[in-house]
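Note: the block below is structure02.pdb and it holds PDB, C-alpha atoms and all ligand atoms.
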ATOM      1  CA  MET A 431      23.721 -10.209  -5.355
ATOM      2  CA  ALA A 432      20.505  -8.172  -5.578
ATOM      3  CA  SER A 433      20.595  -5.118  -3.345
ATOM      4  CA  VAL A 434      17.598  -3.633  -1.549
ATOM      5  CA  LEU A 435      17.740  -0.011  -0.414
ATOM      6  CA  ILE A 436      15.796   0.545   2.824
ATOM      7  CA  SER A 437      15.493   4.272   3.431
ATOM      8  CA  TYR A 438      13.525   5.770   6.281
ATOM      9  CA  TYR A 439      12.984   8.811   8.471
ATOM     10  CA  SER A 440      12.441   8.301  12.204
ATOM     11  CA  LYS A 441      12.451  10.651  15.168
ATOM     12  CA  SER A 442      11.469   8.450  18.097
ATOM     13  CA  GLY A 443      12.567   5.064  16.709
ATOM     14  CA  ASN A 444       9.343   3.323  15.589
ATOM     15  CA  THR A 445       9.976   3.586  11.852
ATOM     16  CA  GLU A 446      13.635   2.757  12.422
ATOM     17  CA  ALA A 447      12.597  -0.471  14.182
ATOM     18  CA  MET A 448      10.453  -1.352  11.149
ATOM     19  CA  ALA A 449      13.446  -0.707   8.866
ATOM     20  CA  GLN A 450      15.654  -3.058  10.899
ATOM     21  CA  ILE A 451      13.086  -5.882  10.824
ATOM     22  CA  LEU A 452      12.710  -5.384   7.076
ATOM     23  CA  ALA A 453      16.488  -5.513   6.592
ATOM     24  CA  GLU A 454      16.722  -8.827   8.463
ATOM     25  CA  ALA A 455      13.882 -10.282   6.357
ATOM     26  CA  VAL A 456      15.547  -9.143   3.119
ATOM     27  CA  LYS A 457      18.855 -10.698   4.172
ATOM     28  CA  SER A 458      17.265 -13.987   5.191
ATOM     29  CA  ALA A 459      15.522 -14.074   1.797
ATOM     30  CA  GLY A 460      18.940 -13.957   0.121
ATOM     31  CA  ALA A 461      19.439 -10.312  -0.888
ATOM     32  CA  GLN A 462      21.743  -7.584   0.354
ATOM     33  CA  ALA A 463      20.093  -4.824   2.442
ATOM     34  CA  THR A 464      21.411  -1.265   2.659
ATOM     35  CA  VAL A 465      19.720   0.750   5.415
ATOM     36  CA  LYS A 466      19.952   4.540   5.130
ATOM     37  CA  ARG A 467      18.375   7.556   6.776
ATOM     38  CA  ALA A 468      16.115   9.523   4.424
ATOM     39  CA  GLU A 469      18.308  12.597   4.917
ATOM     40  CA  ASP A 470      21.310  10.683   3.509
ATOM     41  CA  THR A 471      19.476   9.081   0.587
ATOM     42  CA  THR A 472      20.348  10.262  -2.933
ATOM     43  CA  ASN A 473      18.952   9.646  -6.405
ATOM     44  CA  LYS A 474      22.090   7.564  -7.059
ATOM     45  CA  ASP A 475      21.101   5.264  -4.170
ATOM     46  CA  LEU A 476      17.621   4.814  -5.654
ATOM     47  CA  VAL A 477      18.859   4.182  -9.180
ATOM     48  CA  GLU A 478      21.576   1.721  -8.158
ATOM     49  CA  ALA A 479      19.330  -0.394  -5.895
ATOM     50  CA  SER A 480      17.638  -3.482  -7.344
ATOM     51  CA  ALA A 481      14.588  -2.786  -5.149
ATOM     52  CA  VAL A 482      13.533   0.079  -2.891
ATOM     53  CA  ALA A 483      11.706   0.238   0.466
ATOM     54  CA  LEU A 484      10.857   3.679   1.867
ATOM     55  CA  GLY A 485       9.615   4.267   5.420
ATOM     56  CA  SER A 486       8.093   7.226   7.215
ATOM     57  CA  PRO A 487       6.151   8.136  10.327
ATOM     58  CA  ASP A 488       2.661   9.512   9.660
ATOM     59  CA  TYR A 489       3.023  13.274   9.986
ATOM     60  CA  PHE A 490      -0.285  15.137   9.664
ATOM     61  CA  SER A 491      -1.725  12.289   7.536
ATOM     62  CA  TYR A 492       1.213  12.525   5.126
ATOM     63  CA  VAL A 493       4.827  11.400   4.932
ATOM     64  CA  ALA A 494       7.468  13.285   6.937
ATOM     65  CA  GLY A 495       9.101  16.189   5.092
ATOM     66  CA  GLN A 496      12.447  14.387   5.012
ATOM     67  CA  VAL A 497      10.820  11.546   3.039
ATOM     68  CA  LYS A 498       8.875  13.917   0.763
ATOM     69  CA  ILE A 499      12.201  15.409  -0.351
ATOM     70  CA  ILE A 500      13.253  11.975  -1.659
ATOM     71  CA  PHE A 501      10.199  11.963  -3.941
ATOM     72  CA  ASP A 502      10.712  15.574  -5.043
ATOM     73  CA  GLU A 503      14.245  14.714  -6.134
ATOM     74  CA  ALA A 504      13.392  11.253  -7.527
ATOM     75  CA  LEU A 505      11.129  12.680 -10.218
ATOM     76  CA  GLU A 506      14.318  13.602 -12.098
ATOM     77  CA  VAL A 507      15.301   9.927 -12.363
ATOM     78  CA  LYS A 508      11.798   8.502 -12.820
ATOM     79  CA  SER A 509      12.748   6.756 -16.081
ATOM     80  CA  ASN A 510      15.410   4.768 -14.168
ATOM     81  CA  LEU A 511      12.947   3.722 -11.475
ATOM     82  CA  SER A 512      10.146   2.416 -13.639
ATOM     83  CA  ALA A 513       9.295  -1.187 -12.893
ATOM     84  CA  LYS A 514      11.692  -1.294  -9.909
ATOM     85  CA  PRO A 515      10.061  -3.475  -7.181
ATOM     86  CA  SER A 516       9.260  -1.441  -4.103
ATOM     87  CA  LEU A 517       7.266  -1.110  -0.935
ATOM     88  CA  CYS A 518       6.524   1.599   1.599
ATOM     89  CA  PHE A 519       6.200   1.284   5.377
ATOM     90  CA  LEU A 520       4.457   3.632   7.734
ATOM     91  CA  SER A 521       4.472   4.121  11.485
ATOM     92  CA  HIS A 522       1.242   5.109  13.224
ATOM     93  CA  GLY A 523      -2.025   6.508  11.916
ATOM     94  CA  GLY A 524      -3.284   5.245   8.601
ATOM     95  CA  LYS A 525      -4.331   8.312   6.712
ATOM     96  CA  ALA A 526      -0.863   8.710   5.156
ATOM     97  CA  LYS A 527      -1.130   5.256   3.533
ATOM     98  CA  GLY A 528      -2.865   6.443   0.336
ATOM     99  CA  PRO A 529      -0.674   9.534  -0.179
ATOM    100  CA  PHE A 530       2.468   7.447   0.497
ATOM    101  CA  GLU A 531       1.486   4.792  -2.056
ATOM    102  CA  ASN A 532       0.635   7.513  -4.582
ATOM    103  CA  LEU A 533       4.077   9.116  -4.155
ATOM    104  CA  MET A 534       5.771   5.743  -4.733
ATOM    105  CA  LYS A 535       3.826   5.259  -7.973
ATOM    106  CA  ALA A 536       4.352   8.884  -9.023
ATOM    107  CA  VAL A 537       8.108   8.363  -9.267
ATOM    108  CA  GLY A 538       7.643   5.161 -11.262
ATOM    109  CA  LEU A 539       8.201   2.558  -8.540
ATOM    110  CA  THR A 540       6.173  -0.668  -8.673
ATOM    111  CA  LEU A 541       4.580  -1.644  -5.348
ATOM    112  CA  VAL A 542       4.762  -5.357  -4.518
ATOM    113  CA  CYS A 543       2.267  -5.028  -1.625
ATOM    114  CA  PRO A 544       0.099  -2.440   0.150
ATOM    115  CA  CYS A 545       1.913  -0.018   2.475
ATOM    116  CA  VAL A 546       3.032  -1.910   5.610
ATOM    117  CA  MET A 547       1.630  -0.306   8.766
ATOM    118  CA  SER A 548       2.683  -0.344  12.417
ATOM    119  CA  GLN A 549       0.959   1.339  15.342
ATOM    120  CA  SER A 550       3.913   2.649  17.396
ATOM    121  CA  ALA A 551       6.771   0.144  17.892
ATOM    122  CA  PRO A 552       6.322  -2.994  15.759
ATOM    123  CA  ALA A 553       5.338  -6.122  17.703
ATOM    124  CA  GLY A 554       3.496  -9.418  17.240
ATOM    125  CA  VAL A 555       1.519  -9.718  14.022
ATOM    126  CA  THR A 556       2.996  -6.473  12.714
ATOM    127  CA  VAL A 557       6.506  -7.943  12.850
ATOM    128  CA  ASP A 558       5.261 -10.907  10.807
ATOM    129  CA  GLU A 559       3.690  -8.551   8.259
ATOM    130  CA  ILE A 560       6.938  -6.601   7.878
ATOM    131  CA  LYS A 561       8.901  -9.840   7.388
ATOM    132  CA  LYS A 562       6.358 -11.067   4.835
ATOM    133  CA  ALA A 563       6.668  -7.798   2.892
ATOM    134  CA  GLY A 564      10.475  -8.041   2.884
ATOM    135  CA  LYS A 565      10.289 -11.554   1.475
ATOM    136  CA  ALA A 566       7.787 -10.426  -1.191
ATOM    137  CA  LEU A 567      10.175  -7.676  -2.248
ATOM    138  CA  VAL A 568      13.049 -10.120  -2.736
ATOM    139  CA  ALA A 569      10.744 -12.624  -4.460
ATOM    140  CA  ALA A 570       9.757  -9.906  -6.971
ATOM    141  CA  LEU A 571      13.434  -9.531  -7.888
ATOM    142  CA  LYS A 572      13.685 -13.191  -8.792
ATOM    143  CA  LYS A 573      10.754 -13.054 -11.268
TER     144      LYS A 573
HETATM  145  C1  LIG B 601       4.846  16.427  13.785
HETATM  146  C2  LIG B 601       4.097  15.136  14.026
HETATM  147  C3  LIG B 601       2.894  14.898  13.376
HETATM  148  C4  LIG B 601       2.194  13.698  13.559
HETATM  149  N1  LIG B 601       1.028  13.486  12.880
HETATM  150  C5  LIG B 601       0.372  12.306  13.022
HETATM  151  C6  LIG B 601      -0.843  12.039  12.296
HETATM  152  O1  LIG B 601      -1.349  12.881  11.548
HETATM  153  N2  LIG B 601      -1.446  10.847  12.466
HETATM  154  C7  LIG B 601      -0.926   9.885  13.298
HETATM  155  O2  LIG B 601      -1.499   8.815  13.401
HETATM  156  N3  LIG B 601       0.235  10.095  13.984
HETATM  157  C8  LIG B 601       0.891  11.282  13.874
HETATM  158  N4  LIG B 601       2.049  11.498  14.566
HETATM  159  C9  LIG B 601       2.603  10.409  15.405
HETATM  160  C10 LIG B 601       3.748   9.658  14.688
HETATM  161  O3  LIG B 601       3.375   9.272  13.395
HETATM  162  C11 LIG B 601       4.106   8.409  15.494
HETATM  163  O4  LIG B 601       4.472   8.752  16.808
HETATM  164  C12 LIG B 601       5.195   7.600  14.844
HETATM  165  O5  LIG B 601       5.216   6.294  15.370
HETATM  166  C13 LIG B 601       6.583   8.242  15.043
HETATM  167  O6  LIG B 601       7.519   7.505  14.301
HETATM  168  P1  LIG B 601       9.064   7.499  14.721
HETATM  169  O7  LIG B 601       9.149   6.851  16.087
HETATM  170  O8  LIG B 601       9.713   6.668  13.666
HETATM  171  O9  LIG B 601       9.547   8.903  14.733
HETATM  172  C14 LIG B 601       2.740  12.705  14.419
HETATM  173  C15 LIG B 601       3.948  12.963  15.100
HETATM  174  C16 LIG B 601       4.623  14.164  14.902
HETATM  175  C17 LIG B 601       5.928  14.407  15.615
END
Using structure tokens, write down the structure that the file contains.
Ligand SMILES: Cc1cc2nc3c(=O)[nH]c(=O)nc-3n(C[C@H](O)[C@H](O)[C@H](O)COP(=O)(O)O)c2cc1C
Amino acid sequence: MASVLISYYSKSGNTEAMAQILAEAVKSAGAQATVKRAEDTTNKDLVEASAVALGSPDYFSYVAGQVKIIFDEALEVKSNLSAKPSLCFLSHGGKAKGPFENLMKAVGLTLVCPCVMSQSAPAGVTVDEIKKAGKALVAALKK
């Protein structure tokens, strides 16, 4: 079964809530979801996953340091990540969206949709958008 790595950093729980919604959407679309904290995520995790979703709070219009470390390390395995379907998700703000998407592309990942955004805890339409993104990620694996 295709496996989707969902890796995130969260301090006050908003990004974590997005990760959980994403995991449920991935599972209901027929793939396996592995949810991991950014601090516990390794290059091996990235390489072995069929698809990758990375989440961060907006910290000073950028990703959190714990998530930036994933990208710093991932450059070493860029050749193994090329063309791997991916998405990023971001809690709060909006200014980190561009930098986050650029980091995803910089390590060779292929974005299936624009960065998914949630102002504080996900609710309403935002929940639907997260679910839609999770389904798009699994759909990309079936192409
Ligand atoms: C150190 C720090 C820097 C932040 N910088 C920004 C920012 O530049 N723009 C913004 O919209 N929110 C900023 N925030 C707010 C967080 O992005 C927001 O509270 C987010 O939902 C927290 O996610 P979490 O609950 O997963 O930890 C910042 C929060 C912290 C702690």
Pick from A:Ser521, A:Ser442, A:Ser433, A:Gln462, whichever lies nearest to A:Ser548 using all atoms listed in the file: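 Counting all atoms listed in the file, the residue closest to A:Ser548 is A:Ser521.
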Residues contacting ligand LIG 601 (chain B) - anything with an atom at most 6 Å away, using all atoms listed in the file - can you give me those as a list in words? Ser440, Lys441, Ser442, Gly443, Asn444, Thr445, Glu446, Pro487, Asp488, Tyr489, Phe490, Ser491, Ser521, His522, Gly523 and Ser550 of chain A
Just C-alpha atoms for this one: save the residues we selected as a PDB file, keeping the file's coordinate frame.
ATOM      1  CA  SER A 440      12.441   8.301  12.204  1.00  0.00           C
ATOM      2  CA  LYS A 441      12.451  10.651  15.168  1.00  0.00           C
ATOM      3  CA  SER A 442      11.469   8.450  18.097  1.00  0.00           C
ATOM      4  CA  GLY A 443      12.567   5.064  16.709  1.00  0.00           C
ATOM      5  CA  ASN A 444       9.343   3.323  15.589  1.00  0.00           C
ATOM      6  CA  THR A 445       9.976   3.586  11.852  1.00  0.00           C
ATOM      7  CA  GLU A 446      13.635   2.757  12.422  1.00  0.00           C
ATOM      8  CA  PRO A 487       6.151   8.136  10.327  1.00  0.00           C
ATOM      9  CA  ASP A 488       2.661   9.512   9.660  1.00  0.00           C
ATOM     10  CA  TYR A 489       3.023  13.274   9.986  1.00  0.00           C
ATOM     11  CA  PHE A 490      -0.285  15.137   9.664  1.00  0.00           C
ATOM     12  CA  SER A 491      -1.725  12.289   7.536  1.00  0.00           C
ATOM     13  CA  SER A 521       4.472   4.121  11.485  1.00  0.00           C
ATOM     14  CA  HIS A 522       1.242   5.109  13.224  1.00  0.00           C
ATOM     15  CA  GLY A 523      -2.025   6.508  11.916  1.00  0.00           C
ATOM     16  CA  SER A 550       3.913   2.649  17.396  1.00  0.00           C
TER      17      SER A 550
END
Please evaluate the PyMOL selection byres (((chain A and resi 512) around 12) and not hetatm) against the structure above and give the resulting residues as a list in words.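 Against this file, the PyMOL selection byres (((chain A and resi 512) around 12) and not hetatm) returns the residues Leu476, Val477, Ser480, Ala481, Val482, Ala504, Leu505, Val507, Lys508, Ser509, Asn510, Leu511, Ala513, Lys514, Pro515, Ser516, Met534, Lys535, Ala536, Val537, Gly538, Leu539, Thr540 and Leu541 of chain A.
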Selection file, C-alpha atoms, as a compact mmCIF listing (two decimals), in the frame of the given file:
# COMPACT_ATOMS: atom_id res chain seq x y z
CA LEU A 476 17.62 4.81 -5.65
CA VAL A 477 18.86 4.18 -9.18
CA SER A 480 17.64 -3.48 -7.34
CA ALA A 481 14.59 -2.79 -5.15
CA VAL A 482 13.53 0.08 -2.89
CA ALA A 504 13.39 11.25 -7.53
CA LEU A 505 11.13 12.68 -10.22
CA VAL A 507 15.30 9.93 -12.36
CA LYS A 508 11.80 8.50 -12.82
CA SER A 509 12.75 6.76 -16.08
CA ASN A 510 15.41 4.77 -14.17
CA LEU A 511 12.95 3.72 -11.48
CA ALA A 513 9.30 -1.19 -12.89
CA LYS A 514 11.69 -1.29 -9.91
CA PRO A 515 10.06 -3.48 -7.18
CA SER A 516 9.26 -1.44 -4.10
CA MET A 534 5.77 5.74 -4.73
CA LYS A 535 3.83 5.26 -7.97
CA ALA A 536 4.35 8.88 -9.02
CA VAL A 537 8.11 8.36 -9.27
CA GLY A 538 7.64 5.16 -11.26
CA LEU A 539 8.20 2.56 -8.54
CA THR A 540 6.17 -0.67 -8.67
CA LEU A 541 4.58 -1.64 -5.35
Between atom CA of A:Val493 and atom CA of A:Ala570, distance in Å (one decimal):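 For atom CA of A:Val493 relative to atom CA of A:Ala570, the distance reads 24.9 Å.
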Residue with smallest distance to A:Phe501 - pool A:Val546, A:Val465, A:Cys518, A:Leu533, counting only C-alpha atoms: A:Leu533
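Using all atoms listed in the file, the protein and nucleic acid residues lying no more than 6 Å from A:Gly485, apart from those fewer than 2 places from it along its own chain, are Tyr438, Cys518, Phe519 and Leu520 of chain A.
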Got a sec: who's within 9 Å of A:Ser437, counting all atoms listed in the file, leaving out chain neighbours fewer than 3 positions off, as a list in words?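 What passes the distance filter is Ala449, Thr464, Val465, Lys466, Arg467, Ala468, Glu469, Asp470, Thr471, Val482, Ala483, Leu484, Gly485, Ser486 and Val497 of chain A.
Of the listed residues A:Ile499, A:Ala566, A:Ala553, A:Leu571, the one whose atoms come nearest to A:Ala455 is A:Ala566, with distances taken using all atoms listed in the file.
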Since the input is missing atoms, can you rebuild N, CA and C atoms for stretch 490-515 of chain A and write them as a compact mmCIF listing (two decimals), keeping the file's coordinate frame?
# COMPACT_ATOMS: atom_id res chain seq x y z
N PHE A 490 0.88 14.39 10.15
CA PHE A 490 -0.28 15.14 9.66
C PHE A 490 -0.94 14.45 8.47
N SER A 491 -1.11 13.11 8.59
CA SER A 491 -1.72 12.29 7.54
C SER A 491 -0.95 12.33 6.22
N TYR A 492 0.35 12.50 6.30
CA TYR A 492 1.21 12.52 5.13
C TYR A 492 2.57 11.95 5.53
N VAL A 493 3.48 11.85 4.56
CA VAL A 493 4.83 11.40 4.93
C VAL A 493 5.58 12.56 5.57
N ALA A 494 6.63 12.24 6.33
CA ALA A 494 7.47 13.28 6.94
C ALA A 494 8.18 14.07 5.82
N GLY A 495 8.45 15.33 6.09
CA GLY A 495 9.10 16.19 5.09
C GLY A 495 10.40 15.60 4.55
N GLN A 496 11.15 14.96 5.42
CA GLN A 496 12.45 14.39 5.01
C GLN A 496 12.25 13.30 3.96
N VAL A 497 11.12 12.60 4.02
CA VAL A 497 10.82 11.55 3.04
C VAL A 497 10.24 12.18 1.77
N LYS A 498 9.45 13.23 1.94
CA LYS A 498 8.88 13.92 0.76
C LYS A 498 9.98 14.45 -0.14
N ILE A 499 11.08 14.89 0.45
CA ILE A 499 12.20 15.41 -0.35
C ILE A 499 12.75 14.31 -1.27
N ILE A 500 12.78 13.09 -0.80
CA ILE A 500 13.25 11.98 -1.66
C ILE A 500 12.40 11.92 -2.93
N PHE A 501 11.09 12.02 -2.77
CA PHE A 501 10.20 11.96 -3.94
C PHE A 501 10.39 13.18 -4.85
N ASP A 502 10.53 14.35 -4.24
CA ASP A 502 10.71 15.57 -5.04
C ASP A 502 11.94 15.43 -5.94
N GLU A 503 13.00 14.88 -5.37
CA GLU A 503 14.24 14.71 -6.13
C GLU A 503 14.13 13.55 -7.12
N ALA A 504 13.43 12.49 -6.72
CA ALA A 504 13.39 11.25 -7.53
C ALA A 504 12.68 11.44 -8.86
N LEU A 505 11.84 12.44 -8.95
CA LEU A 505 11.13 12.68 -10.22
C LEU A 505 12.12 12.84 -11.37
N GLU A 506 13.29 13.38 -11.06
CA GLU A 506 14.32 13.60 -12.10
C GLU A 506 14.85 12.29 -12.67
N VAL A 507 14.76 11.21 -11.89
CA VAL A 507 15.30 9.93 -12.36
C VAL A 507 14.18 8.89 -12.53
N LYS A 508 12.96 9.39 -12.72
CA LYS A 508 11.80 8.50 -12.82
C LYS A 508 12.00 7.40 -13.87
N SER A 509 12.59 7.75 -15.01
CA SER A 509 12.75 6.76 -16.08
C SER A 509 13.64 5.59 -15.63
N ASN A 510 14.53 5.84 -14.67
CA ASN A 510 15.41 4.77 -14.17
C ASN A 510 14.74 3.94 -13.07
N LEU A 511 13.61 4.42 -12.59
CA LEU A 511 12.95 3.72 -11.48
C LEU A 511 11.78 2.87 -11.93
N SER A 512 11.36 3.08 -13.19
CA SER A 512 10.15 2.42 -13.64
C SER A 512 10.34 0.90 -13.57
N ALA A 513 9.33 0.27 -13.04
CA ALA A 513 9.30 -1.19 -12.89
C ALA A 513 10.24 -1.71 -11.81
N LYS A 514 10.84 -0.81 -11.01
CA LYS A 514 11.69 -1.29 -9.91
C LYS A 514 10.78 -1.76 -8.76
N PRO A 515 10.92 -3.01 -8.27
CA PRO A 515 10.06 -3.48 -7.18
C PRO A 515 10.25 -2.60 -5.93
